[in-house]
Number of protein chains: 2
Amino acid sequence: MPEPDVYERVMELAKRRGFIWPSAEIYGGVAGLVDYGPLGARMKRRIEEIWRSFYVLREGFHEIECPTVGVEPVYVASGHVKGFSDKMVQCPRCEEYLRADHVAAAHGVPNPAALSAEALSGALKELPCTACGEELGQVKVFDFNLMFNTWIGPGSQRKGYLRPETAQGIFTDFPRLLRFYRDKLPFGTVQVGKSFRNEISPRQGMIRLREFTQAEAEIFVHPEGKRHPGFARYAEYQVPLLGCCAQDEGKEEPVRVAMKDAVEGGLVANEYVGYYIALTHEILVSIGVDPARLRFRQHLTTERAHYAADCWDAEILSGRFGWVELVGIADRTDYDLKAHSAVSGVALTAYIPLEVPRMEKRKRIIPDMKALGPKFRGRAKEVADALVKADPGPGGVEIDVAGEKISIPASLYQVREEEVEVRGEEVMPHVIEPSYGIDRMCYAVLEHSYGEDMVEGEVRRVLRLPAAVAPVQAGVFPLVSRDGLDRVAAEIASTLTAGGIFTEFDESGAIGRRYRRQDEIGTPYAVTVDYQTLDDGTVTIRERDSMAQARVKKDALVATLRGLICGDIAFSSLGP
Amino acid sequence: MPEPDVYERVMELAKRRGFIWPSAEIYGGVAGLVDYGPLGARMKRRIEEIWRSFYVLREGFHEIECPTVGVEPVYVASGHVKGFSDKMVQCPRCEEYLRADHVAAAHGVPNPAALSAEALSGALKELPCTACGEELGQVKVFDFNLMFNTWIGPGSQRKGYLRPETAQGIFTDFPRLLRFYRDKLPFGTVQVGKSFRNEISPRQGMIRLREFTQAEAEIFVHPEGKRHPGFARYAEYQVPLLGCCAQDEGKEEPVRVAMKDAVEGGLVANEYVGYYIALTHEILVSIGVDPARLRFRQHLTTERAHYAADCWDAEILSGRFGWVELVGIADRTDYDLKAHSAVSGVALTAYIPLEVPRMEKRKRIIPDMKALGPKFRGRAKEVADALVKADPGPGGVEIDVAGEKISIPASLYQVREEEVEVRGEEVMPHVIEPSYGIDRMCYAVLEHSYGEDMVEGEVRRVLRLPAAVAPVQAGVFPLVSRDGLDRVAAEIASTLTAGGIFTEFDESGAIGRRYRRQDEIGTPYAVTVDYQTLDDGTVTIRERDSMAQARVKKDALVATLRGLICGDIAFSSLGP
């Protein structure tokens, strides 16, 4: 039997210790659905809070919360009803559904994702089914829409979809949001919540979930205002970038570039995209992604959506799956607002005052009331009102009066040319979108923090999680469960918990075994109460990563641990 | 036109100021779905955090997170596939779908929810449709299942449902949770997340949503251990209770009872149910529900689920809807675990060691190998192994060997009676479930905190939100936007934000207007920078509820506001 790979080792630990469990396991589980157990759910929530500390607290973007069930027109406008699909094939022998491009790729067909359904059908003809091994033969490749669908209300009243991304809720709220932000650009809005993709045959665990958590920011900017006001923060920040040209030249290694140079040199389209690439790098490293296994890859022109001005993926290197996308950062231009405006008929623009008003020549119609009166009688006023708003044509003009189209000859009005002052204009904002996959981030952090060392002849499994994401921050142990040591330790555990430190009290088993238990779940510090504690009021703190120990006064423990956790105190400064 | 009622007033404010918006409004909205705007989403999150501060931090219950999409067997076991439905009728004229019991109730039919489909069909015959007004005539009432359904995977592979409650994810994780809690009872697990009910024709805004957020706790207790270890905390706590007997006697007014007396007197079934009733009262009042419009109503025996040992609803009085349920607290006994155990075939029990091991007489079979050998040859050992485990009958025993049933006459074995020590037993825990509707709680807080007073001849709309749930905790205004006042105010706003206080800077419009804006969104304190600030470094703080003002040093502002917000400082102590 082959050695389990890192994915298997991480998932075995995650399952056994309460991070991630198969969903509905007593019913055999469901591909593409997982439960977060107590430790996983807490780690996930802490990662979401770190994300919010950047986007909500620091950037000042407000968070909104929209339903996951949505009505059809939203996803017609967004393009998901038509275009959000994978090419699928069903094996005629075993009846398994397969992703056609995956089958082709597994047998060396070059760039199968770019092939049409017909071309793929041809390519698969002589290939074996990846499930049963039989030749696929004459199969038909077809599109399978990845949105979960349902009906809202009884009697199939309204078709509904589970949202494939949180973004659309922000777009459809644009008029309300614009008013909330007092009609000013730029502004950002974020949403953190569940999204859904009905994957054909997901076999990649945490990497390809059918239900997952996204954290998305939509930043609405003036189309001519893509210089980020806070860009200086990241001007010198270096990020490993792999541009599309480099990829075209066959390169796979990213180059570390200061963001200022990346934008000025044209590698990154504008300061907004650059700013959020750098911010994303900062977030990912702070939650525990290994910077040496992190890169930002630009979409190739063939893979980039036609409307996007630029698009980068933050990718991490994983042992089993290779480079995996965690975050996408795109300049989506006005694609989304334009699409929703067209389908809903609602203008999704912002009225932006001009810094300097400009004069413009305009033609204005002056109705000849003497001529209109006899001709239209009681409706003359309505006709005149409509005329004033109309644009004069060469020989006359067509107007709409209460739904009726009426042609008015030029003889019934005069045209006057006027100079008017234009103080502002309606602008359709562009959207910069950083979009984070929280579940993949959780998995990446678990894999990158996972380690095995040999300690005293035994394998020590350890998660080297940053203290900011560890589900437990301090383990508290009595050396033995008697002589009052257990009582003192329990008191310390309560004090730490009250002090806002996630604490676990453990009194069962040998002390070495208790250290290992905490190592496995990534607890950065372990506090032990021993007989010396009863004499001089000191306890030991053990650091997970160095396994070094230091004695500190138990009364100073909350302050010491807080300092260690936030990085203000170095463990080595505590002395032996 | 009638005066708008309190629901309309609250929702107008909530919509205009960014608390709650119709979902997909640019497409005409969808009944039963709402978006939380920036202020509403923040308020909702703060209410969820307060809930967690009770259940996760104080009670020590771990939180898990399960998907909202679930497979069919889960909801077959839970009873939702069969029983989670409303009686529906379609008007033959206007084709509108109606809730049959609502139509009947609107026309005075007594207790329509208890009628069968046939009886309801009869009762509706001569009643008018509530939508078009035409007589319904010969209509057929039928059951409409309220679960949203979908398909998981392509080709209708697996039927899926959107969960109607978060609880089932906790029940199906029971074996994993039990291990996580090291096989000890009692333990609690909570989940906060979206649930779904495909309501037939929801017209009650925030009160009847098709997608809503629940916060549920499932507390697994020993069936004989319903004394709560922390009951002393609430023994003297008084709660307004309306028991089922009082209701049977036609009473509507609750009676304030100390929880100890309620449990001892048998009004509340046990200490666990009592503890969580009291805890729920404490949570609801702390988030801003008016205690004078809050009661706990016991389910009538006719309305209570057959398996429940007791069930209470926390209800609030609302202007439009009367008494509305926010929270349900039930002793569900072993109903859920038993049901999932039966359908999944997995034992959902805990092995509980006995405090005092007991001796039990057991009959044990001793196979007669000399007789078995010749009869069963190579299978003799298998037969003997099966025999040892079997329970001896009077004349013989039937055993199962590799799927084959074999009858063994008593002549082939001996029966020995032994005394064995029983050290523990398998126990199926009972479940105590407090289940909270977060959206209704948000609405209740808005309605109960909403007020209109006359101030200087104008109506002042104000949300008297507790500081702990207000989406903005401090407004900061420069008296005028010049002479450096704006700069100083902006600095103060940054300092407060950095100090963890949700702050809004506002410099536009008259100062009175800015106070009103903050009053409307429930901001408890407003800080104004005026010319005196430049002289002596003091600012004014205005308290929302009293509209009183006090001057304080601006350097002490973070500490002062924190003290005011958490209630450590009384505003009146600040002096003029």
# chains A, B, ... in the order shown; residues from 1 in each chain; ligands from 1
>>> residues_around(residues="region 389-403 of chain B", least_positions_apart="4", cutoff="9 Å", atoms="only C-alpha atoms", output="list in words")
Lys363, Arg364, Ile365, Arg379, Glu382, Val383, Ala384, Asp385, Ser407, Ile408, Pro409, Ala410, Ser411, Leu412, Tyr413 and Val415 of chain B
>>> select_by_dssp(residues="region 400-444 of chain B", states="strand (DSSP E)", output="mmCIF file with N, CA, C and O atoms, in the first residue's frame")
data_model
loop_
_atom_site.group_PDB
_atom_site.id
_atom_site.type_symbol
_atom_site.label_atom_id
_atom_site.label_comp_id
_atom_site.auth_asym_id
_atom_site.auth_seq_id
_atom_site.Cartn_x
_atom_site.Cartn_y
_atom_site.Cartn_z
ATOM 1 N N ASP B 400 -26.725 -17.310 13.401
ATOM 2 C CA ASP B 400 -26.470 -16.823 12.052
ATOM 3 C C ASP B 400 -24.991 -17.055 11.768
ATOM 4 O O ASP B 400 -24.128 -16.496 12.440
ATOM 5 N N VAL B 401 -24.695 -17.913 10.795
ATOM 6 C CA VAL B 401 -23.300 -18.175 10.439
ATOM 7 C C VAL B 401 -23.085 -17.752 8.987
ATOM 8 O O VAL B 401 -23.653 -18.339 8.076
ATOM 9 N N GLU B 404 -26.158 -17.431 7.031
ATOM 10 C CA GLU B 404 -27.065 -18.587 7.005
ATOM 11 C C GLU B 404 -27.630 -18.835 8.408
ATOM 12 O O GLU B 404 -26.904 -18.821 9.384
ATOM 13 N N LYS B 405 -28.943 -19.003 8.470
ATOM 14 C CA LYS B 405 -29.570 -19.267 9.784
ATOM 15 C C LYS B 405 -29.516 -20.774 10.065
ATOM 16 O O LYS B 405 -29.894 -21.588 9.216
ATOM 17 N N ILE B 406 -29.016 -21.093 11.242
ATOM 18 C CA ILE B 406 -28.905 -22.508 11.604
ATOM 19 C C ILE B 406 -29.560 -22.715 12.972
ATOM 20 O O ILE B 406 -29.290 -21.969 13.913
ATOM 21 N N SER B 407 -30.429 -23.757 13.070
ATOM 22 C CA SER B 407 -31.039 -24.085 14.365
ATOM 23 C C SER B 407 -30.168 -25.106 15.090
ATOM 24 O O SER B 407 -29.779 -26.124 14.511
ATOM 25 N N ILE B 408 -29.861 -24.778 16.325
ATOM 26 C CA ILE B 408 -29.020 -25.679 17.112
ATOM 27 C C ILE B 408 -29.861 -26.206 18.277
ATOM 28 O O ILE B 408 -30.328 -25.415 19.104
ATOM 29 N N PRO B 409 -30.068 -27.474 18.324
ATOM 30 C CA PRO B 409 -30.852 -28.014 19.444
ATOM 31 C C PRO B 409 -30.066 -27.914 20.751
ATOM 32 O O PRO B 409 -28.832 -27.871 20.742
ATOM 33 N N TYR B 413 -25.307 -28.091 23.387
ATOM 34 C CA TYR B 413 -24.577 -27.158 24.259
ATOM 35 C C TYR B 413 -25.108 -27.264 25.678
ATOM 36 O O TYR B 413 -26.169 -27.846 25.927
ATOM 37 N N GLN B 414 -24.343 -26.668 26.568
ATOM 38 C CA GLN B 414 -24.786 -26.536 27.947
ATOM 39 C C GLN B 414 -25.069 -25.075 28.233
ATOM 40 O O GLN B 414 -24.515 -24.183 27.588
ATOM 41 N N VAL B 415 -25.938 -24.833 29.213
ATOM 42 C CA VAL B 415 -26.165 -23.442 29.621
ATOM 43 C C VAL B 415 -25.651 -23.272 31.037
ATOM 44 O O VAL B 415 -25.968 -24.054 31.919
ATOM 45 N N ARG B 416 -24.803 -22.257 31.205
ATOM 46 C CA ARG B 416 -24.283 -21.985 32.541
ATOM 47 C C ARG B 416 -24.786 -20.612 32.980
ATOM 48 O O ARG B 416 -24.777 -19.663 32.198
ATOM 49 N N GLU B 417 -25.217 -20.537 34.222
ATOM 50 C CA GLU B 417 -25.644 -19.244 34.736
ATOM 51 C C GLU B 417 -24.485 -18.608 35.487
ATOM 52 O O GLU B 417 -23.863 -19.243 36.326
ATOM 53 N N GLU B 418 -24.184 -17.323 35.100
ATOM 54 C CA GLU B 418 -23.041 -16.652 35.719
ATOM 55 C C GLU B 418 -23.468 -15.303 36.265
ATOM 56 O O GLU B 418 -24.422 -14.696 35.794
ATOM 57 N N GLU B 419 -22.679 -14.804 37.213
ATOM 58 C CA GLU B 419 -22.895 -13.446 37.657
ATOM 59 C C GLU B 419 -21.814 -12.584 37.024
ATOM 60 O O GLU B 419 -20.626 -12.895 37.137
ATOM 61 N N VAL B 420 -22.217 -11.556 36.322
ATOM 62 C CA VAL B 420 -21.215 -10.684 35.701
ATOM 63 C C VAL B 420 -21.350 -9.288 36.299
ATOM 64 O O VAL B 420 -22.425 -8.881 36.731
ATOM 65 N N GLU B 421 -20.208 -8.575 36.257
ATOM 66 C CA GLU B 421 -20.206 -7.211 36.760
ATOM 67 C C GLU B 421 -20.514 -6.272 35.591
ATOM 68 O O GLU B 421 -19.827 -6.306 34.571
ATOM 69 N N VAL B 422 -21.573 -5.475 35.743
ATOM 70 C CA VAL B 422 -21.917 -4.500 34.700
ATOM 71 C C VAL B 422 -21.352 -3.151 35.127
ATOM 72 O O VAL B 422 -21.718 -2.619 36.173
ATOM 73 N N ARG B 423 -20.429 -2.609 34.309
ATOM 74 C CA ARG B 423 -19.731 -1.376 34.700
ATOM 75 C C ARG B 423 -20.319 -0.131 34.034
ATOM 76 O O ARG B 423 -19.965 0.991 34.380
ATOM 77 N N GLY B 424 -21.161 -0.359 33.039
ATOM 78 C CA GLY B 424 -21.723 0.812 32.359
ATOM 79 C C GLY B 424 -22.816 0.374 31.431
ATOM 80 O O GLY B 424 -23.078 -0.821 31.287
ATOM 81 N N GLU B 425 -23.469 1.355 30.803
ATOM 82 C CA GLU B 425 -24.532 0.949 29.884
ATOM 83 C C GLU B 425 -24.634 1.935 28.724
ATOM 84 O O GLU B 425 -24.236 3.089 28.824
ATOM 85 N N GLU B 426 -25.169 1.423 27.616
ATOM 86 C CA GLU B 426 -25.402 2.278 26.456
ATOM 87 C C GLU B 426 -26.673 3.072 26.703
ATOM 88 O O GLU B 426 -27.725 2.510 26.991
ATOM 89 N N VAL B 427 -26.580 4.389 26.536
ATOM 90 C CA VAL B 427 -27.699 5.266 26.836
ATOM 91 C C VAL B 427 -27.969 6.151 25.632
ATOM 92 O O VAL B 427 -27.031 6.674 25.025
ATOM 93 N N HIS B 430 -31.214 12.288 25.849
ATOM 94 C CA HIS B 430 -32.321 13.170 25.498
ATOM 95 C C HIS B 430 -31.747 14.507 25.032
ATOM 96 O O HIS B 430 -30.623 14.847 25.360
ATOM 97 N N VAL B 431 -32.551 15.218 24.247
ATOM 98 C CA VAL B 431 -32.083 16.478 23.681
ATOM 99 C C VAL B 431 -32.945 17.634 24.193
ATOM 100 O O VAL B 431 -34.166 17.594 24.081
ATOM 101 N N ILE B 432 -32.275 18.633 24.758
ATOM 102 C CA ILE B 432 -32.937 19.892 25.099
ATOM 103 C C ILE B 432 -32.558 20.874 23.992
ATOM 104 O O ILE B 432 -31.378 21.024 23.682
ATOM 105 N N GLU B 433 -33.542 21.502 23.376
ATOM 106 C CA GLU B 433 -33.254 22.355 22.219
ATOM 107 C C GLU B 433 -33.837 23.766 22.359
ATOM 108 O O GLU B 433 -35.030 23.956 22.206
ATOM 109 N N PRO B 434 -33.004 24.753 22.624
ATOM 110 C CA PRO B 434 -33.439 26.134 22.443
ATOM 111 C C PRO B 434 -33.125 26.550 21.005
ATOM 112 O O PRO B 434 -32.011 26.387 20.525
ATOM 113 N N SER B 435 -34.145 27.049 20.301
ATOM 114 C CA SER B 435 -34.002 27.361 18.872
ATOM 115 C C SER B 435 -34.446 28.804 18.616
ATOM 116 O O SER B 435 -35.596 29.152 18.863
ATOM 117 N N TYR B 436 -33.515 29.639 18.138
ATOM 118 C CA TYR B 436 -33.758 31.076 18.007
ATOM 119 C C TYR B 436 -33.911 31.489 16.541
ATOM 120 O O TYR B 436 -33.124 31.062 15.698
ATOM 121 N N GLY B 437 -34.898 32.329 16.258
ATOM 122 C CA GLY B 437 -35.046 32.925 14.932
ATOM 123 C C GLY B 437 -34.412 34.301 14.932
ATOM 124 O O GLY B 437 -34.966 35.256 15.474
#
>>> interface_residues(of="chain A", to="chain B", cutoff="6 Å", atoms="only C-alpha atoms", output="list in words")
Ala24, Tyr27, Asp35, Tyr36, Gly37, Pro38, Ala41, His62, Glu63, Ile64, Glu65, Cys66, Asn149, Thr150, Gly153, Pro154, Thr172, Asn198, Ile200 and Ser344 of chain A
>>> select_by_dssp(residues="region 173-324 of chain A", states="alpha helix (DSSP H)", output="MDAnalysis selection string")
chainID A and resid 174:180 244:248 259:264 271:287
>>> write_last_selection(atoms="C-alpha atoms", output="JSON list (two decimals), in the first residue's frame")
[["chain", "number", "residue", "atom", "x", "y", "z"],
["A", 174, "PHE", "CA", -26.32, 48.97, -6.25],
["A", 175, "PRO", "CA", -28.97, 51.77, -6.25],
["A", 176, "ARG", "CA", -29.56, 51.37, -2.50],
["A", 177, "LEU", "CA", -25.84, 51.15, -1.77],
["A", 178, "LEU", "CA", -25.09, 54.24, -3.83],
["A", 179, "ARG", "CA", -27.64, 56.20, -1.80],
["A", 180, "PHE", "CA", -26.24, 54.76, 1.44],
["A", 244, "CYS", "CA", 0.52, 36.04, -18.74],
["A", 245, "CYS", "CA", 3.45, 36.81, -21.07],
["A", 246, "ALA", "CA", 5.81, 34.87, -18.82],
["A", 247, "GLN", "CA", 3.37, 31.94, -18.96],
["A", 248, "ASP", "CA", 3.19, 32.21, -22.74],
["A", 259, "MET", "CA", 3.71, 46.65, -6.61],
["A", 260, "LYS", "CA", 4.64, 50.17, -7.77],
["A", 261, "ASP", "CA", 6.90, 48.69, -10.44],
["A", 262, "ALA", "CA", 4.30, 46.09, -11.43],
["A", 263, "VAL", "CA", 1.70, 48.80, -12.09],
["A", 264, "GLU", "CA", 4.06, 51.31, -13.67],
["A", 271, "GLU", "CA", -3.41, 50.60, -8.90],
["A", 272, "TYR", "CA", -6.70, 49.13, -7.72],
["A", 273, "VAL", "CA", -5.89, 45.65, -8.96],
["A", 274, "GLY", "CA", -2.34, 46.04, -7.62],
["A", 275, "TYR", "CA", -3.53, 47.21, -4.21],
["A", 276, "TYR", "CA", -5.79, 44.21, -3.73],
["A", 277, "ILE", "CA", -3.18, 41.74, -4.95],
["A", 278, "ALA", "CA", -0.82, 43.05, -2.27],
["A", 279, "LEU", "CA", -3.55, 43.13, 0.39],
["A", 280, "THR", "CA", -4.45, 39.54, -0.49],
["A", 281, "HIS", "CA", -0.83, 38.49, -0.11],
["A", 282, "GLU", "CA", -0.79, 40.12, 3.33],
["A", 283, "ILE", "CA", -4.00, 38.37, 4.44],
["A", 284, "LEU", "CA", -2.95, 34.94, 3.18],
["A", 285, "VAL", "CA", 0.45, 35.07, 4.86],
["A", 286, "SER", "CA", -1.08, 36.33, 8.09],
["A", 287, "ILE", "CA", -3.50, 33.38, 8.32]]
>>> residues_around(residues="Leu136 (chain A)", least_positions_apart="6", cutoff="9 Å", atoms="only C-alpha atoms", output="list in words")
Gln90, Cys91, Pro92, Arg93, Leu124, Lys125, Glu126, Leu127, Pro128 and Cys129 of chain A
>>> write_last_selection(atoms="all heavy atoms", output="compact mmCIF listing (two decimals), in the first residue's frame")
# COMPACT_ATOMS: atom_id res chain seq x y z
N GLN A 90 -21.79 10.96 -20.09
CA GLN A 90 -22.18 9.82 -19.24
C GLN A 90 -21.63 8.55 -19.87
O GLN A 90 -21.81 8.31 -21.07
CB GLN A 90 -23.71 9.73 -19.12
CG GLN A 90 -24.13 8.66 -18.10
CD GLN A 90 -25.62 8.58 -17.89
OE1 GLN A 90 -26.40 9.01 -18.73
NE2 GLN A 90 -26.04 8.03 -16.76
N CYS A 91 -20.94 7.77 -19.06
CA CYS A 91 -20.40 6.51 -19.57
C CYS A 91 -21.56 5.58 -19.91
O CYS A 91 -22.41 5.31 -19.06
CB CYS A 91 -19.49 5.87 -18.53
SG CYS A 91 -18.99 4.18 -18.98
N PRO A 92 -21.62 5.06 -21.15
CA PRO A 92 -22.74 4.19 -21.53
C PRO A 92 -22.71 2.86 -20.80
O PRO A 92 -23.74 2.19 -20.69
CB PRO A 92 -22.56 4.01 -23.04
CG PRO A 92 -21.15 4.37 -23.34
CD PRO A 92 -20.68 5.29 -22.26
N ARG A 93 -21.55 2.44 -20.28
CA ARG A 93 -21.50 1.16 -19.57
C ARG A 93 -21.90 1.33 -18.10
O ARG A 93 -22.88 0.78 -17.65
CB ARG A 93 -20.09 0.55 -19.58
CG ARG A 93 -19.29 0.78 -20.82
CD ARG A 93 -19.50 -0.25 -21.92
NE ARG A 93 -18.88 0.31 -23.12
CZ ARG A 93 -19.46 0.47 -24.30
NH1 ARG A 93 -20.71 0.06 -24.49
NH2 ARG A 93 -18.83 1.03 -25.30
N LEU A 124 -13.09 11.85 -27.14
CA LEU A 124 -13.32 10.84 -26.09
C LEU A 124 -13.58 9.44 -26.65
O LEU A 124 -13.46 8.45 -25.93
CB LEU A 124 -14.52 11.24 -25.22
CG LEU A 124 -14.39 12.51 -24.38
CD1 LEU A 124 -15.61 12.69 -23.49
CD2 LEU A 124 -13.13 12.46 -23.52
N LYS A 125 -13.93 9.38 -27.93
CA LYS A 125 -14.42 8.14 -28.54
C LYS A 125 -13.61 6.90 -28.16
O LYS A 125 -14.17 5.86 -27.79
CB LYS A 125 -14.45 8.30 -30.05
CG LYS A 125 -15.52 7.48 -30.72
CD LYS A 125 -15.90 8.00 -32.10
CE LYS A 125 -14.70 8.42 -32.93
NZ LYS A 125 -15.13 8.85 -34.29
N GLU A 126 -12.28 7.01 -28.25
CA GLU A 126 -11.47 5.81 -28.01
C GLU A 126 -10.82 5.78 -26.62
O GLU A 126 -9.97 4.95 -26.35
CB GLU A 126 -10.40 5.70 -29.10
CG GLU A 126 -11.05 5.32 -30.42
CD GLU A 126 -10.10 5.46 -31.60
OE1 GLU A 126 -8.88 5.58 -31.37
OE2 GLU A 126 -10.60 5.44 -32.73
N LEU A 127 -11.26 6.70 -25.78
CA LEU A 127 -10.66 6.75 -24.44
C LEU A 127 -11.48 5.90 -23.45
O LEU A 127 -12.68 5.73 -23.63
CB LEU A 127 -10.60 8.19 -23.94
CG LEU A 127 -9.74 9.15 -24.78
CD1 LEU A 127 -9.75 10.55 -24.19
CD2 LEU A 127 -8.30 8.64 -24.88
N PRO A 128 -10.82 5.39 -22.42
CA PRO A 128 -11.56 4.59 -21.42
C PRO A 128 -12.27 5.50 -20.40
O PRO A 128 -11.78 6.58 -20.09
CB PRO A 128 -10.45 3.79 -20.73
CG PRO A 128 -9.22 4.62 -20.88
CD PRO A 128 -9.36 5.42 -22.15
N CYS A 129 -13.39 5.05 -19.93
CA CYS A 129 -14.10 5.72 -18.83
C CYS A 129 -13.19 5.74 -17.61
O CYS A 129 -12.57 4.73 -17.29
CB CYS A 129 -15.39 4.96 -18.52
SG CYS A 129 -16.17 5.45 -16.95
>>> residues_around(residues="Arg460 (chain B)", least_positions_apart="6", cutoff="9 Å", atoms="only C-alpha atoms", output="mmCIF file with N, CA and C atoms, in the first residue's frame")
data_model
loop_
_atom_site.group_PDB
_atom_site.id
_atom_site.type_symbol
_atom_site.label_atom_id
_atom_site.label_comp_id
_atom_site.auth_asym_id
_atom_site.auth_seq_id
_atom_site.Cartn_x
_atom_site.Cartn_y
_atom_site.Cartn_z
ATOM 1 N N GLY B 451 -39.335 54.717 18.318
ATOM 2 C CA GLY B 451 -40.172 55.720 18.972
ATOM 3 C C GLY B 451 -40.260 56.983 18.131
ATOM 4 N N GLU B 452 -41.309 57.757 18.369
ATOM 5 C CA GLU B 452 -41.449 59.088 17.748
ATOM 6 C C GLU B 452 -41.748 60.061 18.867
ATOM 7 N N ASP B 453 -40.932 61.111 19.022
ATOM 8 C CA ASP B 453 -41.321 62.170 19.953
ATOM 9 C C ASP B 453 -41.401 63.472 19.191
ATOM 10 N N MET B 454 -42.011 64.480 19.810
ATOM 11 C CA MET B 454 -42.002 65.818 19.230
ATOM 12 C C MET B 454 -40.833 66.562 19.856
ATOM 13 N N ARG B 516 -30.424 64.075 14.322
ATOM 14 C CA ARG B 516 -31.611 63.285 13.942
ATOM 15 C C ARG B 516 -31.230 62.050 13.134
ATOM 16 N N ASP B 519 -30.030 59.595 15.570
ATOM 17 C CA ASP B 519 -31.154 59.098 16.384
ATOM 18 C C ASP B 519 -31.895 57.995 15.627
ATOM 19 N N GLU B 520 -32.108 58.245 14.337
ATOM 20 C CA GLU B 520 -32.879 57.310 13.507
ATOM 21 C C GLU B 520 -32.233 55.940 13.395
#
>>> residues_around(residues="Gln532 (chain B)", least_positions_apart="6", cutoff="12 Å", atoms="only C-alpha atoms", output="ChimeraX atom specification")
/B:478-479,485,488,538-540,551-554
>>> write_last_selection(atoms="N, CA, C and O atoms", output="compact mmCIF listing (two decimals), in the first residue's frame")
# COMPACT_ATOMS: atom_id res chain seq x y z
N PRO B 478 -18.07 67.79 13.33
CA PRO B 478 -17.57 69.15 13.56
C PRO B 478 -18.79 70.10 13.51
O PRO B 478 -19.66 69.91 12.67
N LEU B 479 -18.81 71.07 14.42
CA LEU B 479 -19.93 72.01 14.43
C LEU B 479 -20.08 72.67 13.06
O LEU B 479 -21.17 72.76 12.51
N LEU B 485 -12.05 72.67 12.64
CA LEU B 485 -12.95 71.81 13.42
C LEU B 485 -13.14 70.47 12.71
O LEU B 485 -13.21 69.41 13.35
N VAL B 488 -10.06 68.22 13.31
CA VAL B 488 -10.04 67.66 14.67
C VAL B 488 -11.10 66.55 14.80
O VAL B 488 -10.83 65.47 15.35
N THR B 538 -11.90 70.16 24.99
CA THR B 538 -13.09 69.38 25.37
C THR B 538 -14.05 69.28 24.19
O THR B 538 -14.03 70.11 23.28
N VAL B 539 -14.86 68.25 24.22
CA VAL B 539 -15.92 68.08 23.21
C VAL B 539 -17.22 67.83 23.95
O VAL B 539 -17.21 67.53 25.15
N THR B 540 -18.35 67.92 23.24
CA THR B 540 -19.60 67.57 23.90
C THR B 540 -19.96 66.14 23.52
O THR B 540 -19.69 65.68 22.40
N ARG B 551 -19.78 67.93 28.64
CA ARG B 551 -18.46 68.20 28.04
C ARG B 551 -17.43 67.28 28.68
O ARG B 551 -17.39 67.13 29.91
N VAL B 552 -16.59 66.68 27.85
CA VAL B 552 -15.50 65.86 28.39
C VAL B 552 -14.23 66.17 27.61
O VAL B 552 -14.27 66.67 26.48
N LYS B 553 -13.10 65.89 28.23
CA LYS B 553 -11.79 66.02 27.58
C LYS B 553 -11.73 65.08 26.39
O LYS B 553 -12.09 63.91 26.51
N LYS B 554 -11.26 65.57 25.25
CA LYS B 554 -11.25 64.67 24.10
C LYS B 554 -10.25 63.52 24.27
O LYS B 554 -10.44 62.45 23.72
